>>> print(open('data.txt').read())   # compact mmCIF, C-alpha atoms
# COMPACT_ATOMS: atom_id res chain seq x y z
CA MET A 1 142.98 15.80 66.53
CA HIS A 2 145.67 18.43 66.88
CA LYS A 3 146.81 18.95 70.46
CA LEU A 4 146.91 22.35 72.05
CA PHE A 5 149.62 21.26 74.46
CA PRO A 6 152.02 18.26 74.47
CA SER A 7 150.45 16.18 77.27
CA GLN A 8 146.84 16.63 76.16
CA MET A 9 144.96 13.33 76.35
CA ASP A 10 142.54 12.13 73.71
CA ASP A 11 139.58 11.97 76.10
CA GLU A 12 140.42 15.24 77.81
CA LYS A 13 137.65 17.79 77.41
CA ILE A 14 138.72 21.35 76.55
CA TYR A 15 136.42 23.86 78.22
CA LEU A 16 138.17 27.08 77.33
CA VAL A 17 141.08 28.38 75.29
CA VAL A 18 141.82 32.00 76.04
CA ARG A 19 144.33 34.57 74.84
CA GLU A 20 145.10 38.11 75.86
CA HIS A 21 142.20 40.49 75.27
CA TRP A 22 142.11 42.06 71.80
CA PHE A 23 142.44 45.53 73.30
CA HIS A 24 145.99 44.76 74.48
CA LEU A 25 146.88 43.48 71.03
CA LEU A 26 145.41 46.69 69.63
CA LEU A 27 147.59 48.80 71.93
CA LYS A 28 150.71 47.08 70.63
CA ILE A 29 149.53 47.52 67.05
CA LEU A 30 148.90 51.22 67.72
CA ILE A 31 152.51 51.59 68.86
CA TRP A 32 153.56 49.78 65.69
CA LEU A 33 151.36 52.13 63.65
CA PHE A 34 153.20 55.07 65.17
CA PHE A 35 156.47 53.76 63.73
CA ALA A 36 154.81 52.96 60.42
CA ALA A 37 153.36 56.47 60.29
CA ALA A 38 156.86 57.85 60.90
CA LEU A 39 158.00 56.13 57.71
CA ILE A 40 155.06 57.49 55.75
CA VAL A 41 155.62 61.01 57.05
CA PHE A 42 159.33 60.72 56.23
CA ASN A 43 158.59 59.58 52.67
CA ARG A 44 155.95 62.25 52.17
CA TYR A 45 157.55 65.31 53.70
CA ALA A 46 161.21 64.82 54.59
CA LEU A 47 162.38 62.75 51.64
CA PRO A 48 161.74 65.31 48.85
CA LYS A 49 163.60 67.99 50.81
CA LEU A 50 166.44 65.58 51.56
CA LEU A 51 166.73 64.64 47.89
CA ASP A 52 166.84 68.31 46.90
CA PHE A 53 169.63 68.82 49.40
CA ALA A 54 171.65 65.69 48.56
CA PRO A 55 170.50 64.00 45.34
CA ALA A 56 173.47 61.62 45.39
CA TRP A 57 172.06 59.99 48.52
CA ALA A 58 168.78 58.95 46.86
CA GLY A 59 169.75 55.29 46.52
CA ILE A 60 170.99 54.97 50.09
CA ILE A 61 167.91 56.68 51.50
CA LYS A 62 165.70 54.37 49.45
CA LEU A 63 167.65 51.36 50.78
CA PHE A 64 167.29 52.63 54.34
CA THR A 65 163.51 53.00 54.00
CA GLU A 66 163.23 49.49 52.57
CA VAL A 67 165.26 47.97 55.42
CA TYR A 68 163.09 49.96 57.86
CA THR A 69 160.02 48.48 56.16
CA LEU A 70 161.49 45.02 56.69
CA PHE A 71 161.82 45.80 60.41
CA LEU A 72 158.22 46.97 60.52
CA ALA A 73 156.97 43.82 58.82
CA LEU A 74 158.98 41.63 61.21
CA ALA A 75 157.74 43.60 64.23
CA LEU A 76 154.10 43.21 63.22
CA PHE A 77 154.59 39.51 62.58
CA LEU A 78 156.21 39.00 65.99
CA ILE A 79 153.48 41.01 67.76
CA PHE A 80 150.93 38.69 66.22
CA ASN A 81 153.07 35.60 66.96
CA PHE A 82 153.46 36.30 70.66
CA TRP A 83 149.76 37.12 71.03
CA TYR A 84 148.73 33.96 69.17
CA LEU A 85 151.12 31.59 70.93
CA ASN A 86 150.43 32.78 74.49
CA ILE A 87 147.35 30.83 75.50
CA GLN A 88 145.67 29.53 78.61
CA ILE A 89 143.65 26.34 78.41
CA ILE A 90 141.13 24.97 80.88
CA THR A 91 140.22 21.31 80.60
CA ASN A 92 138.24 18.96 82.82
CA ILE A 93 141.50 17.77 84.42
CA ARG A 94 143.86 20.72 84.51
CA VAL A 95 144.72 24.30 83.76
CA VAL A 96 147.50 24.86 81.24
CA ASP A 97 149.47 28.03 80.69
CA VAL A 98 151.44 28.18 77.43
CA ASP A 99 153.89 31.08 77.34
CA GLN A 100 156.03 32.11 74.41
CA GLU A 101 158.53 34.34 76.20
CA GLY A 102 160.55 35.70 73.29
CA LEU A 103 161.49 33.76 70.18
CA PHE A 104 163.66 31.22 71.94
CA PHE A 105 161.81 30.45 75.15
CA HIS A 106 158.62 28.40 75.24
CA VAL A 107 157.12 27.45 78.60
CA VAL A 108 154.20 25.11 79.26
CA SER A 109 152.91 24.99 82.83
CA GLU A 110 150.18 22.63 83.97
CA LEU A 111 148.14 22.62 87.11
CA HIS A 112 145.87 19.77 88.02
CA ILE A 113 142.44 20.87 89.13
CA ASP A 114 142.75 19.16 92.52
CA LYS A 115 145.89 21.19 93.31
CA ILE A 116 144.01 24.47 93.19
CA GLU A 117 143.80 26.31 96.49
CA ASP A 118 142.31 29.64 95.53
CA VAL A 119 141.14 31.50 92.41
CA THR A 120 140.94 35.28 92.16
CA SER A 121 139.82 37.47 89.30
CA GLN A 122 140.56 41.16 89.07
CA VAL A 123 139.48 43.87 86.68
CA GLY A 124 141.23 47.21 86.95
CA GLY A 125 141.62 50.48 85.13
CA ILE A 126 139.31 52.39 82.81
CA PHE A 127 139.81 50.19 79.79
CA GLY A 128 139.67 46.99 81.80
CA THR A 129 136.32 48.07 83.21
CA ILE A 130 134.91 49.19 79.88
CA PHE A 131 136.07 46.17 77.89
CA ASN A 132 135.79 43.67 80.78
CA TYR A 133 139.26 42.23 80.79
CA GLY A 134 141.67 41.59 83.65
CA ASP A 135 143.75 38.98 85.44
CA VAL A 136 142.89 35.59 86.83
CA LEU A 137 145.20 34.39 89.59
CA VAL A 138 145.19 30.73 90.58
CA GLN A 139 146.88 29.88 93.86
CA THR A 140 148.28 26.36 93.82
CA ALA A 141 149.65 23.73 96.10
CA GLY A 142 152.19 22.74 93.45
CA THR A 143 155.74 23.72 92.55
CA VAL A 144 154.58 26.85 90.79
CA GLU A 145 152.79 28.76 93.54
CA ARG A 146 150.62 30.91 91.37
CA PHE A 147 149.28 30.74 87.85
CA GLU A 148 148.51 34.04 86.24
CA PHE A 149 146.25 34.65 83.28
CA PRO A 150 147.05 38.26 82.41
CA ASN A 151 144.64 40.55 80.55
CA VAL A 152 142.11 37.87 79.69
CA PRO A 153 138.55 38.66 78.64
CA ASN A 154 135.76 38.16 81.18
CA PRO A 155 137.96 37.06 84.10
CA ALA A 156 135.00 36.54 86.45
CA ALA A 157 133.57 33.90 84.13
CA ILE A 158 136.95 32.16 83.92
CA GLU A 159 137.22 32.21 87.72
CA LYS A 160 133.75 30.68 87.99
CA LEU A 161 134.58 28.02 85.42
CA ILE A 162 137.72 26.96 87.26
CA LEU A 163 135.89 26.83 90.60
CA ASP A 164 133.02 24.85 89.09
CA LEU A 165 135.48 22.35 87.64
CA TYR A 166 137.24 22.11 90.99
CA GLU A 167 133.89 21.42 92.73
CA GLU A 168 132.98 18.82 90.13
CA HIS A 169 136.36 17.17 90.49
CA SER A 170 136.05 17.17 94.31
CA ASN A 171 132.56 15.66 94.17
CA LEU A 172 133.71 12.94 91.81
CA SER A 173 136.61 12.13 94.15
CA LYS A 174 134.24 11.94 97.14
CA VAL A 175 131.82 9.66 95.25
CA GLY A 176 134.73 7.43 94.31
CA LYS A 177 135.88 7.18 97.92
CA GLY A 178 132.44 6.90 99.50
CA THR A 179 130.98 3.93 97.61
CA ASN A 180 132.98 1.27 99.43
CA PRO A 181 131.74 0.35 102.96
CA MET B 1 178.29 44.93 42.34
CA ASN B 2 181.33 47.15 42.72
CA LEU B 3 182.75 46.47 46.17
CA SER B 4 186.23 47.89 45.55
CA ASN B 5 185.01 51.25 46.73
CA PRO B 6 185.22 51.34 50.58
CA ALA B 7 181.92 53.22 50.85
CA ASN B 8 180.17 50.60 48.72
CA LEU B 9 181.72 47.84 50.76
CA LEU B 10 180.53 49.43 53.99
CA ILE B 11 176.99 49.83 52.64
CA ALA B 12 176.93 46.22 51.45
CA VAL B 13 178.24 44.86 54.77
CA ILE B 14 175.72 46.84 56.82
CA TYR B 15 172.91 45.78 54.51
CA TYR B 16 173.85 42.09 54.63
CA ILE B 17 174.14 42.15 58.44
CA LEU B 18 170.75 43.84 58.88
CA ALA B 19 169.00 41.78 56.22
CA GLY B 20 170.60 38.62 57.59
CA LEU B 21 169.42 39.32 61.14
CA ILE B 22 165.90 40.21 60.02
CA SER B 23 165.77 37.10 57.84
CA PHE B 24 166.97 34.90 60.71
CA PHE B 25 164.34 36.24 63.10
CA SER B 26 161.67 35.95 60.40
CA ILE B 27 162.50 32.33 59.66
CA PHE B 28 162.57 31.52 63.36
CA GLY B 29 159.29 33.34 63.87
CA ILE B 30 157.67 31.28 61.12
CA TYR B 31 159.19 28.12 62.59
CA ILE B 32 157.80 28.69 66.10
CA LEU B 33 154.43 29.68 64.66
CA MET B 34 154.30 26.41 62.74
CA ARG B 35 155.58 24.34 65.64
CA TYR B 36 153.60 25.79 68.53
CA GLY B 37 150.65 27.04 66.48
CA LYS B 38 150.07 23.39 65.63
CA SER B 39 150.02 24.09 61.88
CA THR B 40 146.39 25.15 61.97
CA PRO B 41 145.13 26.70 58.70
CA PHE B 42 145.09 30.13 60.32
CA ALA B 43 148.71 29.92 61.44
CA LEU B 44 149.73 28.55 58.03
CA THR B 45 147.96 31.39 56.24
CA VAL B 46 149.60 34.04 58.40
CA ALA B 47 153.02 32.46 57.98
CA LEU B 48 152.67 32.22 54.19
CA LEU B 49 151.35 35.75 53.91
CA TYR B 50 154.18 37.12 55.97
CA GLY B 51 156.68 35.03 54.00
CA PHE B 52 155.51 36.44 50.68
CA ILE B 53 155.45 40.04 51.91
CA PHE B 54 158.85 39.67 53.53
CA LEU B 55 160.44 38.15 50.42
CA ALA B 56 158.94 40.84 48.20
CA ILE B 57 160.37 43.64 50.36
CA LEU B 58 163.70 41.83 50.69
CA ASN B 59 163.90 41.40 46.92
CA GLN B 60 163.12 45.06 46.38
CA SER B 61 165.78 46.12 48.87
CA TYR B 62 168.37 43.84 47.25
CA GLN B 63 167.66 45.33 43.85
CA THR B 64 168.07 48.79 45.35
CA LEU B 65 171.40 47.70 46.82
CA GLN B 66 172.55 46.41 43.44
CA SER B 67 171.59 49.67 41.76
CA ILE B 68 173.57 51.63 44.36
CA LEU B 69 176.67 49.48 44.12
CA VAL B 70 177.14 49.69 40.35
>>> encode(input="data.txt", output="structure tokens")
Amino acid sequence: MHKLFPSQMDDEKIYLVVREHWFHLLLKILIWLFFAAALIVFNRYALPKLLDFAPAWAGIIKLFTEVYTLFLALALFLIFNFWYLNIQIITNIRVVDVDQEGLFFHVVSELHIDKIEDVTSQVGGIFGTIFNYGDVLVQTAGTVERFEFPNVPNPAAIEKLILDLYEEHSNLSKVGKGTNP
Amino acid sequence: MNLSNPANLLIAVIYYILAGLISFFSIFGIYILMRYGKSTPFALTVALLYGFIFLAILNQSYQTLQSILV
């Protein structure tokens, strides 16, 4: 079984694995498309005129467009990478936030269910309301005061799931304590 | 490649710096995808696809550089 995070236990039940809503990924890709379109427009309209003006520069211009294409390919790959590697996981024992903050900084934060103090979900803005995505904020009693799940789909359901797991965990703890006279 | 010409040398240096940086970030991007993406088939496919596309464009750009620096 491949583990989603380093300390995952074999008998730990994964309830939910969530990433940023696809609409946010789409927004980043649209920005990327703007830069890709700039290259296409340049090749289609500006390049012929430039070559008429300075034919000796044809090779250099071609090299420049190819290096620019390399940048575009890398940018798209990194957009996907950061979306794919930033995940939030809810198990029966804890909540895990895996953040890839840049290429060289990987952060894994864990919060045990019994350390949860408060859970809030919020949906804001036109697109958040239409596509039902928003933030889930988990207030903790741990070192990290607040866990944030930004731009996740169906935040109300995630909030409910976390609270249900907290209730279940609390009930199990009470049963464990209450059986002995 | 004719690098005795200062203009050619400048073009080659700039190209190697840019291509080197892009290659470094690409390799590191593939590495972190493999490491933290847990080598799932999906992550592997994306990494391979990107690798092929990147190498194809890099090869094309290098051939263009060679044709300029003759």
>>> interface_residues(input="data.txt", of="chain B", to="chain A", cutoff="7 Å", atoms="all atoms listed in the file", output="short mmCIF file (atom, residue, chain, number, x, y, z; two decimals) with C-alpha atoms, in the frame of the given file")
data_model
loop_
_atom_site.label_atom_id
_atom_site.label_comp_id
_atom_site.auth_asym_id
_atom_site.auth_seq_id
_atom_site.Cartn_x
_atom_site.Cartn_y
_atom_site.Cartn_z
CA ILE B 22 165.90 40.21 60.02
CA SER B 26 161.67 35.95 60.40
CA GLY B 29 159.29 33.34 63.87
CA LEU B 33 154.43 29.68 64.66
CA TYR B 36 153.60 25.79 68.53
CA GLY B 37 150.65 27.04 66.48
CA LYS B 38 150.07 23.39 65.63
CA PHE B 54 158.85 39.67 53.53
CA ILE B 57 160.37 43.64 50.36
CA SER B 61 165.78 46.12 48.87
CA THR B 64 168.07 48.79 45.35
CA LEU B 65 171.40 47.70 46.82
CA ILE B 68 173.57 51.63 44.36
#
>>> closest_residue(input="data.txt", among="A:Val96, A:Val18, A:Leu27, A:Gln8", to="A:Ile158", atoms="only C-alpha atoms")
A:Val18
>>> atom_distance(input="data.txt", atom1="atom CA of A:Trp22", atom2="atom CA of A:Pro153")
8.4 Å
>>> atom_distance(input="data.txt", atom1="atom CA of A:Asp11", atom2="atom CA of B:Phe42")
24.7 Å
>>> residues_around(input="data.txt", residues="A:Trp32", least_positions_apart="3", cutoff="8 Å", atoms="only C-alpha atoms", output="JSON, numbers by chain")
{"A": [28, 29, 35, 36, 72, 75, 76]}
>>> atom_distance(input="data.txt", atom1="atom CA of B:Tyr50", atom2="atom CA of B:Phe28")
12.5 Å
>>> closest_residue(input="data.txt", among="B:Ile53, B:Ile32, B:Val46, B:Leu58", to="B:Ala19", atoms="all atoms listed in the file")
B:Leu58
>>> closest_residue(input="data.txt", among="A:Val152, A:Ile130, A:Ala54, A:Leu111", to="A:Leu25", atoms="all atoms listed in the file")
A:Val152
>>> closest_residue(input="data.txt", among="B:Leu9, B:Leu49, B:Met34, B:Leu44", to="B:Gln66", atoms="all atoms listed in the file")
B:Leu9
>>> residues_around(input="data.txt", residues="A:Ile113", least_positions_apart="6", cutoff="6 Å", atoms="only C-alpha atoms", output="PyMOL selection string")
chain A and resi 93-94+166
>>> closest_residue(input="data.txt", among="A:Ala157, A:Asn92, A:Leu137, A:Thr143", to="A:Ser170", atoms="only C-alpha atoms")
A:Asn92
